[in-house]
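Structure file target_11.csv; described as CSV, C-alpha atoms.
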```csv
chain,number,residue,atom,x,y,z
A,34,MET,CA,153.6,-58.2,37.4
A,35,ARG,CA,154.2,-55.0,35.5
A,36,PRO,CA,157.8,-54.4,34.4
A,37,ILE,CA,159.6,-51.4,35.8
A,38,SER,CA,162.6,-49.6,34.4
A,39,VAL,CA,165.9,-49.9,36.3
A,40,GLY,CA,168.8,-48.2,34.5
A,41,GLY,CA,169.0,-49.6,31.0
A,42,ALA,CA,167.1,-52.8,31.9
A,43,LYS,CA,163.7,-53.9,33.1
A,44,ALA,CA,162.7,-55.6,36.3
A,45,VAL,CA,159.7,-57.4,37.8
A,46,PHE,CA,158.8,-58.3,41.3
A,47,THR,CA,156.4,-61.2,41.4
A,48,SER,CA,153.6,-62.0,43.9
A,49,ARG,CA,151.9,-65.2,45.0
A,50,THR,CA,149.6,-65.3,42.0
A,51,GLY,CA,149.9,-66.8,38.5
A,52,GLY,CA,151.5,-70.2,39.2
A,53,VAL,CA,150.6,-73.8,39.8
A,54,SER,CA,151.7,-74.6,43.3
A,55,LYS,CA,149.2,-75.7,45.9
A,56,ALA,CA,148.2,-75.2,49.6
A,57,ALA,CA,150.7,-73.2,51.6
A,58,PHE,CA,152.8,-72.6,48.5
A,59,ALA,CA,150.0,-71.3,46.3
A,60,THR,CA,150.6,-70.4,43.6
A,61,LEU,CA,153.7,-68.8,42.0
A,62,ASN,CA,156.3,-70.2,44.4
A,63,THR,CA,159.8,-70.0,42.9
A,64,GLY,CA,161.7,-71.6,45.8
A,65,MET,CA,163.0,-75.1,45.3
A,66,HIS,CA,164.2,-75.4,48.9
A,67,VAL,CA,160.9,-74.8,50.8
A,68,GLY,CA,159.2,-78.2,50.6
A,69,ASP,CA,157.0,-77.6,47.5
A,70,ASP,CA,156.6,-80.1,44.7
A,71,PRO,CA,159.8,-79.6,42.6
A,72,GLN,CA,157.8,-80.1,39.4
A,73,ALA,CA,155.4,-77.3,40.3
A,74,VAL,CA,158.2,-75.0,41.2
A,75,GLN,CA,159.9,-75.7,37.9
A,76,ARG,CA,156.7,-75.1,36.1
A,77,ASN,CA,156.4,-71.7,37.9
A,78,ARG,CA,159.9,-70.8,36.8
A,79,ASP,CA,159.2,-71.9,33.3
A,80,LEU,CA,156.1,-69.6,33.2
A,81,LEU,CA,158.1,-66.7,34.5
A,82,GLU,CA,160.8,-67.3,31.8
A,83,ALA,CA,158.1,-67.4,29.1
A,84,LYS,CA,156.6,-64.2,30.4
A,85,ILE,CA,159.9,-62.2,30.1
A,86,ASP,CA,161.2,-64.3,27.2
A,87,ARG,CA,164.6,-64.9,28.9
A,88,THR,CA,166.4,-67.8,30.6
A,89,ILE,CA,166.6,-67.0,34.3
A,90,VAL,CA,169.7,-67.6,36.4
A,91,TRP,CA,168.8,-68.7,40.0
A,92,MET,CA,170.9,-68.8,43.2
A,93,ASN,CA,171.1,-71.1,46.1
A,94,GLN,CA,170.9,-68.3,48.7
A,95,THR,CA,172.8,-68.8,52.0
A,96,HIS,CA,172.4,-65.4,53.8
A,97,SER,CA,176.1,-64.7,53.0
A,98,ALA,CA,177.9,-61.7,51.4
A,99,ARG,CA,179.1,-63.8,48.4
A,100,VAL,CA,178.6,-62.3,45.0
A,101,HIS,CA,179.2,-64.4,41.9
A,102,LYS,CA,179.8,-63.4,38.3
A,103,VAL,CA,177.7,-65.5,35.9
A,104,GLU,CA,180.0,-66.6,33.0
A,105,PRO,CA,178.8,-67.2,29.4
A,106,GLY,CA,177.9,-70.8,28.9
A,107,ARG,CA,177.4,-71.3,32.7
A,108,THR,CA,173.9,-69.9,33.1
A,109,ASP,CA,172.5,-73.3,34.1
A,110,GLN,CA,174.9,-73.5,37.1
A,111,VAL,CA,173.2,-72.8,40.5
A,112,VAL,CA,175.8,-71.3,42.8
A,113,ASN,CA,175.8,-70.8,46.6
A,114,ALA,CA,175.7,-67.0,46.7
A,115,ASP,CA,173.4,-64.1,47.6
A,116,GLY,CA,174.4,-61.9,44.7
A,117,ILE,CA,174.9,-62.6,41.0
A,118,PHE,CA,175.9,-60.3,38.2
A,119,VAL,CA,176.5,-60.4,34.4
A,120,VAL,CA,178.5,-58.4,32.0
A,121,ALA,CA,176.7,-58.0,28.7
A,122,GLU,CA,179.8,-57.6,26.6
A,123,GLU,CA,181.1,-61.0,27.6
A,124,PHE,CA,177.9,-62.7,26.4
A,125,ALA,CA,177.8,-60.6,23.2
A,126,SER,CA,181.4,-61.5,22.3
A,127,LYS,CA,180.4,-65.2,22.3
A,128,HIS,CA,177.2,-64.5,20.4
A,129,LEU,CA,175.1,-65.7,23.4
A,130,ARG,CA,171.9,-64.2,24.6
A,131,LEU,CA,172.1,-62.3,27.9
A,132,PRO,CA,170.1,-64.1,30.6
A,133,ALA,CA,167.8,-62.6,33.3
A,134,LEU,CA,168.9,-62.8,37.0
A,135,ALA,CA,166.6,-63.6,39.9
A,136,VAL,CA,166.6,-63.2,43.7
A,137,MET,CA,164.1,-65.0,45.9
A,138,VAL,CA,162.7,-63.7,49.2
A,139,ALA,CA,159.9,-64.1,51.7
A,140,ASP,CA,160.7,-61.1,54.0
A,141,CYS,CA,164.3,-60.1,53.1
A,142,VAL,CA,165.1,-57.3,50.7
A,143,PRO,CA,165.2,-58.2,47.0
A,144,ILE,CA,167.4,-55.7,45.1
A,145,VAL,CA,168.1,-55.7,41.3
A,146,PHE,CA,170.6,-53.5,39.6
A,147,ALA,CA,171.5,-52.4,36.0
A,148,SER,CA,173.8,-49.8,34.6
A,149,SER,CA,172.5,-46.9,32.6
A,150,GLY,CA,173.3,-48.6,29.3
A,151,GLY,CA,172.6,-52.2,30.5
A,152,GLU,CA,176.3,-53.1,30.4
A,153,VAL,CA,176.0,-54.9,33.7
A,154,MET,CA,173.0,-56.3,35.7
A,155,ALA,CA,172.8,-57.9,39.1
A,156,ALA,CA,170.4,-59.4,41.6
A,157,VAL,CA,171.0,-59.3,45.4
A,158,HIS,CA,169.4,-61.0,48.4
A,159,ALA,CA,169.8,-58.5,51.2
A,160,GLY,CA,168.6,-60.0,54.5
A,161,ARG,CA,169.7,-58.9,58.0
A,162,ALA,CA,172.9,-61.0,57.7
A,163,GLY,CA,173.8,-59.6,54.2
A,164,LEU,CA,173.1,-56.1,55.2
A,165,SER,CA,175.3,-56.5,58.3
A,166,THR,CA,178.2,-58.0,56.3
A,167,GLY,CA,178.1,-55.6,53.3
A,168,ILE,CA,176.6,-57.5,50.4
A,169,ILE,CA,175.4,-54.3,48.8
A,170,ARG,CA,178.8,-52.7,49.0
A,171,LYS,CA,180.5,-55.9,47.6
A,172,ALA,CA,178.0,-56.2,44.7
A,173,VAL,CA,178.4,-52.5,43.7
A,174,SER,CA,182.2,-52.8,44.0
A,175,MET,CA,182.3,-55.8,41.6
A,176,MET,CA,180.0,-54.1,39.1
A,177,SER,CA,182.1,-51.0,39.3
A,178,GLU,CA,185.0,-52.9,37.8
A,179,HIS,CA,183.1,-52.7,34.6
A,180,VAL,CA,181.1,-49.4,34.8
A,181,PRO,CA,181.3,-46.4,37.0
A,182,ALA,CA,179.3,-46.7,40.3
A,183,TYR,CA,177.4,-43.5,39.5
A,184,SER,CA,175.9,-45.2,36.4
A,185,ILE,CA,174.5,-48.1,38.4
A,186,HIS,CA,170.8,-48.0,39.1
A,187,ALA,CA,168.8,-50.1,41.7
A,188,ALA,CA,165.2,-51.2,42.3
A,189,VAL,CA,164.2,-52.4,45.8
A,190,GLY,CA,161.3,-54.8,46.0
A,191,PRO,CA,158.9,-55.7,48.8
A,192,CYS,CA,160.2,-56.8,52.2
A,193,ILE,CA,159.1,-56.9,55.8
A,194,CYS,CA,158.7,-53.5,57.3
A,195,GLY,CA,160.2,-52.2,60.5
A,196,ARG,CA,156.9,-52.2,62.3
A,197,CYS,CA,156.6,-55.9,61.7
A,198,TYR,CA,160.2,-57.1,62.0
A,199,GLU,CA,160.8,-57.9,65.7
A,200,VAL,CA,164.3,-58.9,66.7
A,201,PRO,CA,166.4,-59.2,69.9
A,202,GLU,CA,168.0,-56.0,71.1
A,203,LYS,CA,171.5,-57.2,70.2
A,204,LEU,CA,170.5,-57.8,66.6
A,205,ARG,CA,169.0,-54.4,66.4
A,206,ALA,CA,172.2,-52.8,67.8
A,207,ASP,CA,174.5,-54.8,65.5
A,208,LEU,CA,172.8,-53.7,62.2
A,209,ALA,CA,172.2,-50.2,63.5
A,210,GLU,CA,175.9,-49.9,64.1
A,211,VAL,CA,176.4,-50.5,60.3
A,212,THR,CA,173.4,-48.4,59.2
A,213,PRO,CA,171.7,-46.3,62.0
A,214,SER,CA,168.6,-46.0,59.9
A,215,ALA,CA,167.9,-49.7,60.5
A,216,TRP,CA,167.1,-49.0,64.2
A,217,CYS,CA,163.3,-48.9,64.8
A,218,VAL,CA,160.5,-49.9,67.2
A,219,THR,CA,157.8,-52.4,66.1
A,220,ARG,CA,154.1,-51.9,66.3
A,221,TRP,CA,154.2,-53.8,69.6
A,222,GLY,CA,156.8,-51.5,71.1
A,223,SER,CA,159.6,-54.0,70.9
A,224,PRO,CA,163.1,-53.8,69.2
A,225,GLY,CA,162.8,-53.8,65.4
A,226,LEU,CA,164.8,-53.5,62.3
A,227,ASP,CA,164.0,-51.5,59.2
A,228,LEU,CA,165.6,-53.6,56.5
A,229,ARG,CA,164.3,-51.3,53.7
A,230,ALA,CA,165.8,-48.2,55.3
A,231,SER,CA,169.1,-50.0,55.8
A,232,ALA,CA,169.3,-51.1,52.2
A,233,ASN,CA,168.4,-47.6,50.9
A,234,SER,CA,171.1,-46.0,53.1
A,235,GLN,CA,173.7,-48.5,51.9
A,236,LEU,CA,172.7,-47.9,48.3
A,237,GLN,CA,173.0,-44.2,48.7
A,238,GLU,CA,176.4,-44.6,50.4
A,239,ALA,CA,177.6,-46.7,47.5
A,240,GLY,CA,176.7,-43.9,45.0
A,241,VAL,CA,174.0,-45.9,43.3
A,242,GLN,CA,170.9,-44.3,41.8
A,243,VAL,CA,167.8,-45.8,43.4
A,244,ASP,CA,165.0,-45.8,40.7
A,245,PHE,CA,162.3,-47.6,42.7
A,246,ILE,CA,161.6,-48.6,46.3
A,247,SER,CA,158.5,-50.7,47.0
A,248,LYS,CA,156.4,-49.7,50.0
A,249,LEU,CA,154.8,-53.1,50.4
A,250,CYS,CA,155.3,-55.1,53.6
A,251,THR,CA,155.5,-58.9,53.1
A,252,TYR,CA,154.1,-59.6,56.6
A,253,GLU,CA,151.1,-57.3,56.0
A,254,ASP,CA,150.3,-58.1,52.4
A,255,GLU,CA,148.9,-61.6,52.0
A,256,ASN,CA,149.5,-61.4,48.2
A,257,LEU,CA,153.2,-61.9,49.1
A,258,TYR,CA,155.0,-64.7,50.8
A,259,SER,CA,156.2,-64.1,54.3
A,260,TYR,CA,158.3,-66.5,56.4
A,261,ARG,CA,157.6,-64.4,59.5
A,262,ARG,CA,153.8,-64.7,59.0
A,263,ASN,CA,153.7,-68.3,57.7
A,264,GLN,CA,156.8,-70.4,58.4
A,265,ILE,CA,155.8,-72.9,55.8
A,266,THR,CA,155.5,-70.8,52.7
A,267,GLY,CA,156.9,-70.1,49.2
A,268,ARG,CA,159.3,-67.5,47.8
A,269,PHE,CA,158.5,-64.6,45.4
A,270,CYS,CA,161.3,-63.1,43.4
A,271,GLY,CA,162.8,-60.0,41.8
A,272,VAL,CA,164.0,-60.5,38.2
A,273,VAL,CA,166.2,-58.1,36.2
A,274,PHE,CA,166.4,-58.6,32.4
A,275,PRO,CA,167.5,-56.7,29.3
A,276,ALA,CA,165.2,-54.0,28.1
```

Go ahead and render the structure in this file as structure tokens.
Amino acid sequence: MRPISVGGAKAVFTSRTGGVSKAAFATLNTGMHVGDDPQAVQRNRDLLEAKIDRTIVWMNQTHSARVHKVEPGRTDQVVNADGIFVVAEEFASKHLRLPALAVMVADCVPIVFASSGGEVMAAVHAGRAGLSTGIIRKAVSMMSEHVPAYSIHAAVGPCICGRCYEVPEKLRADLAEVTPSAWCVTRWGSPGLDLRASANSQLQEAGVQVDFISKLCTYEDENLYSYRRNQITGRFCGVVFPA
């Protein structure tokens, strides 16, 4: 879990290792909604917070295009959203420490953002539904109310690759209509979706600078959680925090 630079902030993408969860959720599961022992999940989250020395804001992710701004004094509020962002100046004006932001995944695309000077940070859960309905565009638009879009940087974490993400033909056609780069064929010769390519295309179209793109596939790498591979499983996460 080595931090990487994204704009004027830092980011980490976790794996399965380093936590206390057992069995199918072993060991660093950060998802409260997957059937794991809540005390173990909270301990995993606490360990991650200690590692980066920041309070982390989590989402209740719903495969939507909803993006929520985290307000000072409300960092303990878990909201139904698939994107969250913070404005550093709003926290500084109230003499509050800027929190970290997290996105949980087990095949979908985790994307974290930060502006060049760290004025804004965001975390986005970009699955097939979110990519189809424009969550990246919405997140960048909301951040752009505070900084120019060209100053926003992104880091894209591990996700399922197109060779492993088999979908019905209609789903492939629907997302390919939004981003043609999503269209692909799986290793089995069936219709597939390349979520990573779709996310990268949408980031480029939004004028964002992409600092990092993971090449890891969640389905192929057993050090990562994958819902497609193991339906009963945990969630790893991407976290963005002040440098």

- Message: My list of candidates is A:Ser148, A:Ser231, A:Ser177, A:Gln94. Which is closest to Leu164 in chain A when distances are computed with all atoms listed in the file?
- Response: A:Ser231

Determine, for each residue of range 91-203 of chain A having at least one atom at most 10 Å from an atom of range 262-267 of chain A, the closest pair of atoms and their separation in Å to one decimal, counting only C-alpha atoms; order by chain and ascending number, as CSV.
```
residue,atom,partner,partner_atom,distance
A:Met137,CA,A:Gly267,CA,9.4
A:Val138,CA,A:Gly267,CA,8.6
A:Ala139,CA,A:Gly267,CA,7.2
A:Asp140,CA,A:Arg262,CA,9.3
A:Ile193,CA,A:Arg262,CA,10.0
A:Cys197,CA,A:Arg262,CA,9.6
```

- To one decimal place, how far is CA of Val218 in chain A from CA of Lys203 in chain A in Å? 13.5 Å

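Counting only C-alpha atoms, Arg76 in chain A has the following residues at most 9 Å away, ignoring those fewer than 6 positions along the same chain: Gly52, Val53 and Ser54 of chain A.
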
- Message: What's the separation between CA of Leu80 in chain A and CA of Leu228 in chain A, in Å to one decimal place?
- Response: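 A separation of 29.8 Å between them.
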
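Among the candidate residues A:Thr47, A:Ser165, A:Ser259, A:Asn233, the one lying nearest to Lys84 in chain A is A:Thr47, with distances computed using all atoms listed in the file.
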